[in-house]
>>> print(open('input_22.cif').read())   # mmCIF, C-alpha atoms
data_coords
loop_
_atom_site.label_atom_id
_atom_site.label_comp_id
_atom_site.auth_asym_id
_atom_site.auth_seq_id
_atom_site.Cartn_x
_atom_site.Cartn_y
_atom_site.Cartn_z
CA MET A 1 174.44 147.11 231.52
CA THR A 2 172.73 144.74 229.07
CA SER A 3 172.24 141.66 231.27
CA PRO A 4 170.69 141.61 234.76
CA HIS A 5 173.14 142.10 237.60
CA THR A 6 172.98 139.53 240.40
CA MET A 7 172.93 141.49 243.65
CA ASP A 8 175.62 140.50 246.15
CA PRO A 9 173.70 139.25 249.21
CA THR A 10 176.70 139.78 251.50
CA GLY A 11 177.07 143.51 250.80
CA SER A 12 180.85 143.05 251.01
CA ALA A 13 181.46 145.66 248.30
CA VAL A 14 178.22 147.59 248.45
CA HIS A 15 179.56 150.93 247.20
CA GLU A 16 181.52 149.39 244.35
CA GLU A 17 178.37 147.53 243.28
CA ALA A 18 176.26 150.67 243.66
CA ALA A 19 178.68 152.75 241.59
CA ALA A 20 178.75 150.20 238.77
CA LEU A 21 174.96 150.10 238.63
CA ARG A 22 174.62 153.89 238.82
CA GLU A 23 177.06 154.50 235.99
CA ALA A 24 175.47 151.79 233.84
CA ALA A 25 171.98 153.33 233.80
CA PRO A 26 169.48 155.30 235.91
CA ALA A 27 167.51 152.07 236.31
CA CYS A 28 169.05 148.61 235.94
CA PRO A 29 167.72 145.04 235.79
CA VAL A 30 168.87 142.95 238.74
CA VAL A 31 168.52 139.44 240.08
CA LEU A 32 167.27 139.45 243.66
CA PRO A 33 167.97 136.70 246.22
CA GLY A 34 166.26 133.48 245.20
CA GLY A 35 166.74 134.26 241.52
CA VAL A 36 163.80 136.68 241.42
CA PRO A 37 164.06 139.31 238.63
CA GLY A 38 163.69 142.95 239.58
CA MET A 39 164.99 146.46 238.92
CA ILE A 40 166.92 149.09 240.87
CA VAL A 41 166.75 152.87 240.48
CA THR A 42 170.26 154.20 241.00
CA ARG A 43 170.48 157.95 240.37
CA HIS A 44 169.41 160.71 242.73
CA HIS A 45 167.10 162.75 240.50
CA GLU A 46 165.44 159.70 238.97
CA LEU A 47 165.00 158.00 242.36
CA ARG A 48 163.40 161.08 243.90
CA GLU A 49 160.94 161.33 241.00
CA PHE A 50 160.27 157.60 241.02
CA LEU A 51 159.40 157.51 244.71
CA ALA A 52 157.04 160.49 244.32
CA ASP A 53 155.29 159.09 241.22
CA PRO A 54 151.60 158.29 241.90
CA GLN A 55 151.93 155.39 239.44
CA ILE A 56 154.28 153.64 241.88
CA ALA A 57 152.73 151.47 244.62
CA LYS A 58 154.00 149.78 247.77
CA ASN A 59 151.42 147.04 248.25
CA ALA A 60 152.39 143.55 247.06
CA ARG A 61 149.04 143.11 245.37
CA HIS A 62 150.82 144.89 242.50
CA PHE A 63 153.75 142.40 242.54
CA ALA A 64 153.12 140.53 239.28
CA ALA A 65 155.44 137.57 239.79
CA LEU A 66 154.04 136.92 243.27
CA HIS A 67 150.51 136.56 241.93
CA GLU A 68 151.66 134.51 238.96
CA GLY A 69 153.07 131.97 241.42
CA SER A 70 156.69 132.30 240.33
CA ILE A 71 158.01 133.55 243.69
CA PRO A 72 159.24 130.79 246.04
CA GLU A 73 156.86 130.23 248.94
CA GLN A 74 159.84 130.62 251.24
CA TRP A 75 161.67 133.73 250.02
CA GLN A 76 164.20 135.81 251.94
CA LEU A 77 162.43 139.08 251.12
CA ASN A 78 158.86 138.06 251.97
CA ALA A 79 159.20 139.92 255.26
CA PHE A 80 159.52 143.17 253.32
CA ALA A 81 157.03 142.38 250.59
CA LEU A 82 154.20 140.92 252.66
CA VAL A 83 154.29 142.68 256.04
CA ASN A 84 150.99 144.43 256.75
CA GLY A 85 151.87 148.00 257.71
CA MET A 86 152.75 151.49 256.53
CA THR A 87 155.65 150.37 254.33
CA THR A 88 153.29 148.26 252.20
CA ALA A 89 150.16 150.43 252.33
CA ASP A 90 148.97 152.87 249.70
CA GLY A 91 146.43 155.68 249.51
CA ASP A 92 143.71 155.69 252.16
CA ASP A 93 145.17 152.68 253.98
CA HIS A 94 148.52 154.44 254.35
CA ARG A 95 146.88 157.66 255.55
CA ARG A 96 144.83 155.71 258.12
CA LEU A 97 147.81 153.79 259.49
CA ARG A 98 150.01 156.87 259.50
CA GLY A 99 147.32 158.88 261.27
CA LEU A 100 146.92 156.26 263.99
CA ALA A 101 150.68 156.01 264.51
CA THR A 102 151.03 159.79 264.61
CA LYS A 103 148.37 160.01 267.31
CA ALA A 104 150.28 157.53 269.44
CA PHE A 105 153.79 158.82 268.69
CA THR A 106 153.36 162.18 270.41
CA PRO A 107 156.01 164.85 271.11
CA ARG A 108 155.13 164.53 274.79
CA ARG A 109 155.96 160.81 274.80
CA VAL A 110 159.26 161.41 273.02
CA ALA A 111 160.24 164.31 275.30
CA ALA A 112 159.40 162.26 278.40
CA MET A 113 161.91 159.60 277.32
CA ARG A 114 164.82 162.03 276.87
CA PRO A 115 166.25 161.75 280.44
CA TRP A 116 166.01 157.95 280.26
CA ILE A 117 167.80 157.88 276.88
CA GLU A 118 170.53 160.19 278.19
CA ARG A 119 171.10 157.91 281.21
CA LEU A 120 171.24 154.82 279.02
CA THR A 121 173.72 156.51 276.68
CA ALA A 122 175.95 157.64 279.54
CA ASP A 123 175.87 154.18 281.14
CA LEU A 124 176.81 152.43 277.89
CA LEU A 125 179.70 154.83 277.28
CA ALA A 126 180.95 154.46 280.86
CA ALA A 127 180.92 150.68 280.50
CA LEU A 128 182.95 150.57 277.26
CA PRO A 129 186.42 150.33 278.90
CA GLY A 130 185.30 147.18 280.67
CA HIS A 131 184.59 145.52 277.33
CA ALA A 132 188.08 146.11 275.93
CA GLY A 133 190.07 143.12 274.82
CA PRO A 134 193.76 142.53 275.62
CA ASP A 135 194.68 144.89 272.80
CA GLY A 136 192.47 147.65 274.20
CA VAL A 137 189.99 147.42 271.33
CA VAL A 138 186.25 147.59 272.08
CA ASP A 139 183.55 146.26 269.77
CA LEU A 140 181.54 149.47 269.56
CA ARG A 141 178.83 147.88 267.44
CA MET A 142 178.14 145.16 269.99
CA HIS A 143 178.48 147.17 273.19
CA TYR A 144 177.07 150.56 272.16
CA ALA A 145 175.51 150.79 268.70
CA TYR A 146 173.34 147.71 269.27
CA PRO A 147 172.05 148.16 272.86
CA LEU A 148 171.30 151.88 272.54
CA PRO A 149 168.65 151.86 269.76
CA MET A 150 167.27 148.47 270.78
CA GLY A 151 166.92 149.68 274.36
CA VAL A 152 165.24 152.90 273.29
CA ILE A 153 162.79 151.36 270.82
CA SER A 154 161.92 148.55 273.24
CA GLU A 155 161.29 151.03 276.05
CA LEU A 156 159.19 153.15 273.73
CA LEU A 157 157.09 150.17 272.64
CA GLY A 158 156.80 148.61 276.09
CA VAL A 159 158.76 145.46 275.13
CA ASP A 160 159.89 143.45 278.13
CA PRO A 161 163.70 143.50 278.60
CA GLY A 162 163.69 139.71 278.37
CA HIS A 163 162.73 139.89 274.69
CA ARG A 164 165.33 142.41 273.58
CA ASP A 165 168.39 140.27 272.88
CA ARG A 166 166.25 137.74 271.05
CA LEU A 167 164.59 140.45 268.97
CA HIS A 168 168.00 141.79 267.98
CA GLY A 169 169.17 138.41 266.71
CA LEU A 170 165.88 137.72 264.96
CA THR A 171 165.66 141.08 263.20
CA HIS A 172 169.23 140.67 261.96
CA ARG A 173 168.39 137.24 260.54
CA MET A 174 165.21 138.59 258.97
CA VAL A 175 166.74 141.61 257.21
CA SER A 176 170.05 140.01 256.21
CA THR A 177 170.05 139.06 252.54
CA SER A 178 172.69 136.47 253.44
CA SER A 179 170.14 134.49 255.44
CA ALA A 180 168.75 131.32 253.93
CA ALA A 181 165.11 131.72 252.93
CA ALA A 182 163.85 129.26 255.54
CA ASP A 183 165.90 130.97 258.26
CA ALA A 184 164.62 134.44 257.33
CA MET A 185 161.02 133.22 257.29
CA ALA A 186 161.44 131.43 260.62
CA ALA A 187 162.90 134.60 262.14
CA GLN A 188 159.95 136.64 260.87
CA ALA A 189 157.48 134.15 262.37
CA ALA A 190 159.31 134.23 265.71
CA ILE A 191 159.27 138.05 265.77
CA HIS A 192 155.53 138.05 265.14
CA GLU A 193 155.06 135.62 268.05
CA ILE A 194 157.01 137.91 270.37
CA LEU A 195 155.12 141.01 269.22
CA ALA A 196 151.78 139.23 269.56
CA GLN A 197 152.75 138.48 273.17
CA VAL A 198 153.72 142.13 273.70
CA VAL A 199 150.28 143.15 272.41
CA ARG A 200 148.53 140.67 274.73
CA ASP A 201 150.57 141.94 277.68
CA ARG A 202 149.78 145.59 276.93
CA ARG A 203 146.09 144.84 276.41
CA ALA A 204 146.00 143.14 279.81
CA ALA A 205 148.05 145.86 281.52
CA PRO A 206 148.23 149.09 279.47
CA GLY A 207 151.11 151.40 280.20
CA ASP A 208 152.52 154.72 279.08
CA ASP A 209 154.09 153.16 276.00
CA LEU A 210 153.54 153.28 272.27
CA THR A 211 152.02 149.80 271.98
CA SER A 212 149.35 150.66 274.56
CA ALA A 213 148.66 153.91 272.73
CA LEU A 214 148.40 152.15 269.36
CA ILE A 215 145.97 149.62 270.79
CA ALA A 216 143.77 152.48 271.98
CA ALA A 217 144.30 154.74 268.97
CA ARG A 218 141.24 156.05 267.14
CA ASP A 219 140.93 157.86 263.84
CA GLU A 220 138.10 160.35 264.25
CA ASP A 221 137.31 160.29 260.50
CA LEU A 222 136.30 156.60 260.52
CA GLY A 223 133.52 154.78 262.31
CA ASP A 224 131.97 151.35 262.92
CA GLY A 225 135.12 150.10 264.58
CA ALA A 226 137.21 150.39 261.40
CA GLU A 227 139.39 153.00 262.98
CA ARG A 228 141.10 150.53 265.31
CA LEU A 229 144.22 148.78 264.08
CA ASN A 230 143.53 145.09 263.59
CA ASP A 231 145.97 142.63 265.11
CA GLU A 232 147.88 142.01 261.87
CA GLU A 233 148.25 145.75 261.23
CA LEU A 234 149.31 146.31 264.82
CA THR A 235 152.06 143.69 264.79
CA GLY A 236 153.13 144.91 261.33
CA THR A 237 153.41 148.46 262.66
CA LEU A 238 155.42 147.29 265.67
CA LEU A 239 157.69 145.27 263.38
CA LEU A 240 158.24 148.33 261.20
CA MET A 241 159.13 150.46 264.22
CA ILE A 242 161.58 147.89 265.56
CA VAL A 243 163.36 147.43 262.22
CA ALA A 244 163.27 151.14 261.34
CA GLY A 245 164.16 152.24 264.86
CA HIS A 246 166.81 149.63 265.61
CA GLU A 247 168.56 148.24 262.53
CA THR A 248 168.83 151.58 260.74
CA THR A 249 170.10 153.45 263.81
CA LEU A 250 172.56 150.66 264.61
CA ASN A 251 174.01 150.96 261.11
CA LEU A 252 173.96 154.77 261.16
CA ILE A 253 175.96 154.92 264.40
CA THR A 254 178.62 152.49 263.18
CA ASN A 255 178.83 154.09 259.73
CA ALA A 256 179.22 157.58 261.26
CA VAL A 257 181.90 156.51 263.76
CA ARG A 258 183.83 154.66 261.05
CA ALA A 259 183.67 157.71 258.76
CA LEU A 260 184.84 160.09 261.48
CA ALA A 261 187.65 157.76 262.55
CA ALA A 262 188.85 157.68 258.94
CA HIS A 263 188.75 161.49 258.73
CA PRO A 264 190.47 162.72 261.92
CA GLY A 265 190.63 166.34 260.77
CA GLN A 266 186.87 166.50 260.40
CA LEU A 267 186.39 164.62 263.69
CA ALA A 268 188.50 167.24 265.48
CA ARG A 269 186.29 170.02 264.13
CA VAL A 270 183.15 168.18 265.28
CA LEU A 271 184.57 167.68 268.77
CA ALA A 272 185.58 171.35 268.88
CA GLY A 273 182.00 172.37 268.10
CA GLU A 274 182.86 173.85 264.72
CA ILE A 275 180.68 171.30 262.91
CA SER A 276 177.35 170.11 264.27
CA TRP A 277 176.39 166.51 264.93
CA ASP A 278 173.35 167.15 262.72
CA ALA A 279 175.80 167.67 259.85
CA VAL A 280 177.48 164.37 260.72
CA VAL A 281 174.15 162.55 260.59
CA GLU A 282 173.12 164.11 257.28
CA GLU A 283 176.45 163.45 255.58
CA THR A 284 176.53 159.86 256.83
CA LEU A 285 173.02 159.28 255.51
CA ARG A 286 174.19 160.51 252.11
CA TRP A 287 177.65 158.96 251.95
CA ASP A 288 177.06 155.62 253.68
CA SER A 289 173.33 155.06 253.99
CA PRO A 290 172.28 152.62 256.74
CA VAL A 291 169.98 151.04 254.14
CA ALA A 292 171.81 150.50 250.86
CA ASN A 293 168.86 149.21 248.85
CA PHE A 294 165.29 149.40 250.13
CA PRO A 295 162.54 147.04 248.86
CA PHE A 296 159.98 147.35 247.22
CA ARG A 297 158.00 149.59 244.91
CA TYR A 298 155.80 148.30 242.08
CA PRO A 299 154.74 150.29 239.00
CA ILE A 300 150.98 149.94 238.48
CA THR A 301 151.59 150.56 234.79
CA ASP A 302 154.69 150.52 232.61
CA VAL A 303 156.83 153.54 233.57
CA THR A 304 159.93 155.17 232.14
CA VAL A 305 162.82 156.11 234.43
CA GLY A 306 165.57 158.10 232.78
CA GLY A 307 164.73 156.56 229.43
CA VAL A 308 164.55 153.01 230.85
CA THR A 309 161.21 151.19 230.85
CA ILE A 310 160.19 149.38 234.01
CA ALA A 311 157.35 146.95 233.41
CA LYS A 312 154.14 146.99 235.41
CA GLY A 313 154.34 144.81 238.52
CA THR A 314 158.15 144.65 238.68
CA PRO A 315 159.66 144.70 242.20
CA VAL A 316 161.94 147.76 242.31
CA LEU A 317 164.69 148.55 244.80
CA ALA A 318 165.40 152.13 245.89
CA GLY A 319 169.17 152.36 245.46
CA TYR A 320 170.05 154.76 248.29
CA ALA A 321 173.74 153.80 248.35
CA ALA A 322 174.03 154.54 244.64
CA ALA A 323 171.99 157.75 244.70
CA GLY A 324 173.85 159.12 247.73
CA ARG A 325 177.12 159.31 245.79
CA ASP A 326 175.67 160.46 242.47
CA ARG A 327 177.96 163.15 241.02
CA ARG A 328 175.08 164.47 238.94
CA GLU A 329 173.53 165.66 242.19
CA TYR A 330 176.47 166.17 244.55
CA GLY A 331 179.26 167.20 242.19
CA PRO A 332 182.75 165.78 241.62
CA SER A 333 183.38 165.24 245.36
CA ALA A 334 180.35 162.98 245.80
CA ASP A 335 182.57 160.00 246.67
CA ARG A 336 184.17 161.88 249.59
CA PHE A 337 182.89 162.11 253.14
CA ASP A 338 182.87 165.90 253.52
CA LEU A 339 181.23 167.74 256.41
CA THR A 340 182.16 171.12 254.95
CA PRO A 341 181.10 171.04 251.29
CA ALA A 342 181.71 174.10 249.15
CA PRO A 343 178.79 176.57 249.16
#
>>> encode(input="input_22.cif", output="structure tokens")
Amino acid sequence: MTSPHTMDPTGSAVHEEAAALREAAPACPVVLPGGVPGMIVTRHHELREFLADPQIAKNARHFAALHEGSIPEQWQLNAFALVNGMTTADGDDHRRLRGLATKAFTPRRVAAMRPWIERLTADLLAALPGHAGPDGVVDLRMHYAYPLPMGVISELLGVDPGHRDRLHGLTHRMVSTSSAAADAMAAQAAIHEILAQVVRDRRAAPGDDLTSALIAARDEDLGDGAERLNDEELTGTLLLMIVAGHETTLNLITNAVRALAAHPGQLARVLAGEISWDAVVEETLRWDSPVANFPFRYPITDVTVGGVTIAKGTPVLAGYAAAGRDRREYGPSADRFDLTPAP
């Protein structure tokens, strides 16, 4: 592929696009929304090595075009590039934020939510027949795949039920590459306003929720008050958890159900207990990743990926959709959804 490929913001043919990029080169030049030049790493082995390379950073201070002033002030992907949290932190900052989140996100808190999650799941399933249209069809995405993860992550974070529908709509507008830049930026600002209110509420009345725990979290290795998450880091962490806990799970559920419905023989074996649901999750993550292309990584020096040079400061996408069906890693059946691959 000699000229940059303009990424399809609609994702209408995501796997066809991913396959073309993967077969063209292990790393390809692309045009991101807004006409911003970037790169994508497309093959499994090269992507794994790229993501583990210490010369690759996550913080946008390494984003050359941003600091040269050539990125539009209102850009659809600013929410990913500029959020202040674990996804954009490197080195000591990342370890500090991860340590604070790990302290708050305890096994005890997760285990305590299990009965509540099971009740919510059962209630949503029981209500599905009532949502059927005249043809008997139910919108599973709307009536199950959306309310389940949003309900769970909101309960975990202590988000008032009144915010949940609005957060769903806003996060979709923020992460959709089809959104206009101004709309995506407005959605991000509105989410931060909601999360700032959640933080104020939990500071005034702490509860047994993750936001209250994050507010109180301390890293024993730091002193002089530096161990406490500042407000920007706290809202960034909450934003990360909502997007990672809601949007990805929503897509995973719908992708898995669609795959199983299209492969009734494999579905029958899952329902008979011959194949585990863990296997369904893992194969769906590989075959139809809930995140096709994840932004951004930035080389802190020129790097070579599979013989292709990526210049210092270039915004790079992790091409999970492409890498998940890479025959170099998964063999000639990589394009098939297969819960029982050959040993």
>>> residues_around(input="input_22.cif", residues="segment 5-7 of chain A", least_positions_apart="2", cutoff="12 Å", atoms="all atoms listed in the file", output="number ranges by chain")
A: 1-3, 9-14, 16-18, 20-22, 24-25, 27-40, 177-178, 292-293, 317, 319
>>> residues_near_point(input="input_22.cif", point="(160.3, 134.9, 270.0)", cutoff="12 Å", atoms="only C-alpha atoms", output="ChimeraX atom specification")
/A:159-160,162-171,186-198
>>> atom_distance(input="input_22.cif", atom1="atom CA of Thr284 of chain A", atom2="atom CA of Leu125 of chain A")
21.3 Å
>>> atom_distance(input="input_22.cif", atom1="atom CA of Arg325 of chain A", atom2="atom CA of Arg286 of chain A")
7.1 Å
>>> residues_around(input="input_22.cif", residues="segment 299-307 of chain A", least_positions_apart="4", cutoff="6 Å", atoms="only C-alpha atoms", output="list in words")
Pro26, Gln55, Ile56, Ala311, Lys312 and Gly313 of chain A
>>> write_last_selection(input="input_22.cif", atoms="C-alpha atoms", output="compact mmCIF listing (two decimals), keeping the file's coordinate frame")
# COMPACT_ATOMS: atom_id res chain seq x y z
CA PRO A 26 169.48 155.30 235.91
CA GLN A 55 151.93 155.39 239.44
CA ILE A 56 154.28 153.64 241.88
CA ALA A 311 157.35 146.95 233.41
CA LYS A 312 154.14 146.99 235.41
CA GLY A 313 154.34 144.81 238.52
>>> residues_around(input="input_22.cif", residues="segment 203-209 of chain A", least_positions_apart="3", cutoff="7 Å", atoms="all atoms listed in the file", output="list in words")
Leu156, Leu157, Gly158, Val199, Arg200, Ser212 and Ala213 of chain A
>>> resolve_selection(input="input_22.cif", expression="the PyMOL selection byres ((chain A and resi 279) around 12)", output="list in words")
Ala256, Leu260, Gln266, Leu267, Arg269, Val270, Gly273, Glu274, Ile275, Ser276, Trp277, Asp278, Val280, Val281, Glu282, Glu283, Thr284, Leu285, Arg286, Trp287, Phe337, Asp338, Leu339, Thr340 and Pro341 of chain A
>>> resolve_selection(input="input_22.cif", expression="the PyMOL selection byres ((chain A and resi 185) around 8)", output="short mmCIF file (atom, residue, chain, number, x, y, z; two decimals) with C-alpha atoms, in the coordinates of the input")
data_model
loop_
_atom_site.label_atom_id
_atom_site.label_comp_id
_atom_site.auth_asym_id
_atom_site.auth_seq_id
_atom_site.Cartn_x
_atom_site.Cartn_y
_atom_site.Cartn_z
CA GLN A 74 159.84 130.62 251.24
CA TRP A 75 161.67 133.73 250.02
CA GLN A 76 164.20 135.81 251.94
CA ASN A 78 158.86 138.06 251.97
CA ALA A 79 159.20 139.92 255.26
CA MET A 174 165.21 138.59 258.97
CA ALA A 181 165.11 131.72 252.93
CA ALA A 182 163.85 129.26 255.54
CA ASP A 183 165.90 130.97 258.26
CA ALA A 184 164.62 134.44 257.33
CA ALA A 186 161.44 131.43 260.62
CA ALA A 187 162.90 134.60 262.14
CA GLN A 188 159.95 136.64 260.87
CA ALA A 189 157.48 134.15 262.37
#
>>> atom_distance(input="input_22.cif", atom1="atom CA of Leu66 of chain A", atom2="atom CA of Glu247 of chain A")
26.6 Å
>>> closest_residue(input="input_22.cif", among="A:Glu49, A:Asp231, A:Lys103, A:Ile215", to="Asn84 of chain A", atoms="all atoms listed in the file")
A:Asp231
>>> closest_residue(input="input_22.cif", among="A:Val243, A:Leu210, A:Phe294, A:Pro147", to="Arg108 of chain A", atoms="only C-alpha atoms")
A:Leu210
>>> resolve_selection(input="input_22.cif", expression="the PyMOL selection byres ((chain A and resi 83) around 10)", output="ChimeraX atom specification")
/A:59-60,78-82,84-89,188,232-233,235-237,239-240
>>> closest_residue(input="input_22.cif", among="A:Ala111, A:Leu250, A:Met241, A:Leu124", to="His172 of chain A", atoms="only C-alpha atoms")
A:Leu250
>>> closest_residue(input="input_22.cif", among="A:Val137, A:Ile242, A:Ser176, A:Pro107", to="Asp8 of chain A", atoms="only C-alpha atoms")
A:Ser176
>>> build_atoms(input="input_22.cif", residues="segment 251-273 of chain A", atoms="N, CA, C and O atoms", output="PDB file, in the coordinates of the input")
ATOM      1  N   ASN A 251     173.111 150.783 262.244  1.00  0.00           N
ATOM      2  CA  ASN A 251     174.010 150.960 261.110  1.00  0.00           C
ATOM      3  C   ASN A 251     174.468 152.416 260.972  1.00  0.00           C
ATOM      4  O   ASN A 251     175.628 152.676 260.618  1.00  0.00           O
ATOM      5  N   LEU A 252     173.577 153.362 261.252  1.00  0.00           N
ATOM      6  CA  LEU A 252     173.960 154.770 261.160  1.00  0.00           C
ATOM      7  C   LEU A 252     175.069 155.109 262.149  1.00  0.00           C
ATOM      8  O   LEU A 252     176.038 155.796 261.807  1.00  0.00           O
ATOM      9  N   ILE A 253     174.939 154.631 263.379  1.00  0.00           N
ATOM     10  CA  ILE A 253     175.960 154.920 264.400  1.00  0.00           C
ATOM     11  C   ILE A 253     177.310 154.357 263.960  1.00  0.00           C
ATOM     12  O   ILE A 253     178.334 155.055 263.987  1.00  0.00           O
ATOM     13  N   THR A 254     177.337 153.099 263.552  1.00  0.00           N
ATOM     14  CA  THR A 254     178.620 152.490 263.180  1.00  0.00           C
ATOM     15  C   THR A 254     179.191 153.132 261.920  1.00  0.00           C
ATOM     16  O   THR A 254     180.407 153.348 261.826  1.00  0.00           O
ATOM     17  N   ASN A 255     178.337 153.453 260.952  1.00  0.00           N
ATOM     18  CA  ASN A 255     178.830 154.090 259.730  1.00  0.00           C
ATOM     19  C   ASN A 255     179.404 155.480 260.029  1.00  0.00           C
ATOM     20  O   ASN A 255     180.430 155.883 259.468  1.00  0.00           O
ATOM     21  N   ALA A 256     178.744 156.235 260.923  1.00  0.00           N
ATOM     22  CA  ALA A 256     179.220 157.580 261.260  1.00  0.00           C
ATOM     23  C   ALA A 256     180.545 157.525 262.018  1.00  0.00           C
ATOM     24  O   ALA A 256     181.474 158.295 261.728  1.00  0.00           O
ATOM     25  N   VAL A 257     180.653 156.620 262.986  1.00  0.00           N
ATOM     26  CA  VAL A 257     181.900 156.510 263.760  1.00  0.00           C
ATOM     27  C   VAL A 257     183.048 156.073 262.861  1.00  0.00           C
ATOM     28  O   VAL A 257     184.167 156.607 262.951  1.00  0.00           O
ATOM     29  N   ARG A 258     182.788 155.120 261.977  1.00  0.00           N
ATOM     30  CA  ARG A 258     183.830 154.660 261.050  1.00  0.00           C
ATOM     31  C   ARG A 258     184.281 155.805 260.138  1.00  0.00           C
ATOM     32  O   ARG A 258     185.477 155.993 259.905  1.00  0.00           O
ATOM     33  N   ALA A 259     183.316 156.595 259.638  1.00  0.00           N
ATOM     34  CA  ALA A 259     183.670 157.710 258.760  1.00  0.00           C
ATOM     35  C   ALA A 259     184.497 158.754 259.494  1.00  0.00           C
ATOM     36  O   ALA A 259     185.503 159.256 258.962  1.00  0.00           O
ATOM     37  N   LEU A 260     184.102 159.089 260.710  1.00  0.00           N
ATOM     38  CA  LEU A 260     184.840 160.090 261.480  1.00  0.00           C
ATOM     39  C   LEU A 260     186.230 159.595 261.848  1.00  0.00           C
ATOM     40  O   LEU A 260     187.207 160.364 261.818  1.00  0.00           O
ATOM     41  N   ALA A 261     186.342 158.312 262.201  1.00  0.00           N
ATOM     42  CA  ALA A 261     187.650 157.760 262.550  1.00  0.00           C
ATOM     43  C   ALA A 261     188.604 157.782 261.355  1.00  0.00           C
ATOM     44  O   ALA A 261     189.819 157.929 261.513  1.00  0.00           O
ATOM     45  N   ALA A 262     188.031 157.656 260.157  1.00  0.00           N
ATOM     46  CA  ALA A 262     188.850 157.680 258.940  1.00  0.00           C
ATOM     47  C   ALA A 262     189.162 159.098 258.475  1.00  0.00           C
ATOM     48  O   ALA A 262     189.961 159.279 257.552  1.00  0.00           O
ATOM     49  N   HIS A 263     188.542 160.095 259.102  1.00  0.00           N
ATOM     50  CA  HIS A 263     188.750 161.490 258.730  1.00  0.00           C
ATOM     51  C   HIS A 263     189.019 162.305 259.999  1.00  0.00           C
ATOM     52  O   HIS A 263     188.165 163.080 260.462  1.00  0.00           O
ATOM     53  N   PRO A 264     190.188 162.116 260.614  1.00  0.00           N
ATOM     54  CA  PRO A 264     190.470 162.720 261.920  1.00  0.00           C
ATOM     55  C   PRO A 264     190.401 164.243 261.920  1.00  0.00           C
ATOM     56  O   PRO A 264     190.056 164.840 262.936  1.00  0.00           O
ATOM     57  N   GLY A 265     190.724 164.887 260.817  1.00  0.00           N
ATOM     58  CA  GLY A 265     190.630 166.340 260.770  1.00  0.00           C
ATOM     59  C   GLY A 265     189.198 166.816 260.924  1.00  0.00           C
ATOM     60  O   GLY A 265     188.920 167.783 261.652  1.00  0.00           O
ATOM     61  N   GLN A 266     188.277 166.133 260.264  1.00  0.00           N
ATOM     62  CA  GLN A 266     186.870 166.500 260.400  1.00  0.00           C
ATOM     63  C   GLN A 266     186.342 166.131 261.783  1.00  0.00           C
ATOM     64  O   GLN A 266     185.541 166.870 262.374  1.00  0.00           O
ATOM     65  N   LEU A 267     186.791 165.001 262.327  1.00  0.00           N
ATOM     66  CA  LEU A 267     186.390 164.620 263.690  1.00  0.00           C
ATOM     67  C   LEU A 267     186.812 165.684 264.690  1.00  0.00           C
ATOM     68  O   LEU A 267     186.038 166.050 265.591  1.00  0.00           O
ATOM     69  N   ALA A 268     188.022 166.208 264.546  1.00  0.00           N
ATOM     70  CA  ALA A 268     188.500 167.240 265.480  1.00  0.00           C
ATOM     71  C   ALA A 268     187.615 168.468 265.432  1.00  0.00           C
ATOM     72  O   ALA A 268     187.329 169.084 266.469  1.00  0.00           O
ATOM     73  N   ARG A 269     187.162 168.844 264.252  1.00  0.00           N
ATOM     74  CA  ARG A 269     186.290 170.020 264.130  1.00  0.00           C
ATOM     75  C   ARG A 269     184.909 169.759 264.732  1.00  0.00           C
ATOM     76  O   ARG A 269     184.301 170.664 265.302  1.00  0.00           O
ATOM     77  N   VAL A 270     184.433 168.524 264.638  1.00  0.00           N
ATOM     78  CA  VAL A 270     183.150 168.180 265.280  1.00  0.00           C
ATOM     79  C   VAL A 270     183.295 168.268 266.787  1.00  0.00           C
ATOM     80  O   VAL A 270     182.457 168.865 267.484  1.00  0.00           O
ATOM     81  N   LEU A 271     184.370 167.676 267.323  1.00  0.00           N
ATOM     82  CA  LEU A 271     184.570 167.680 268.770  1.00  0.00           C
ATOM     83  C   LEU A 271     184.816 169.081 269.310  1.00  0.00           C
ATOM     84  O   LEU A 271     184.499 169.369 270.469  1.00  0.00           O
ATOM     85  N   ALA A 272     185.352 169.964 268.468  1.00  0.00           N
ATOM     86  CA  ALA A 272     185.580 171.350 268.880  1.00  0.00           C
ATOM     87  C   ALA A 272     184.318 172.207 268.757  1.00  0.00           C
ATOM     88  O   ALA A 272     184.327 173.378 269.137  1.00  0.00           O
ATOM     89  N   GLY A 273     183.247 171.627 268.243  1.00  0.00           N
ATOM     90  CA  GLY A 273     182.000 172.370 268.100  1.00  0.00           C
ATOM     91  C   GLY A 273     181.913 173.213 266.849  1.00  0.00           C
ATOM     92  O   GLY A 273     180.957 173.978 266.680  1.00  0.00           O
TER      93      GLY A 273
END
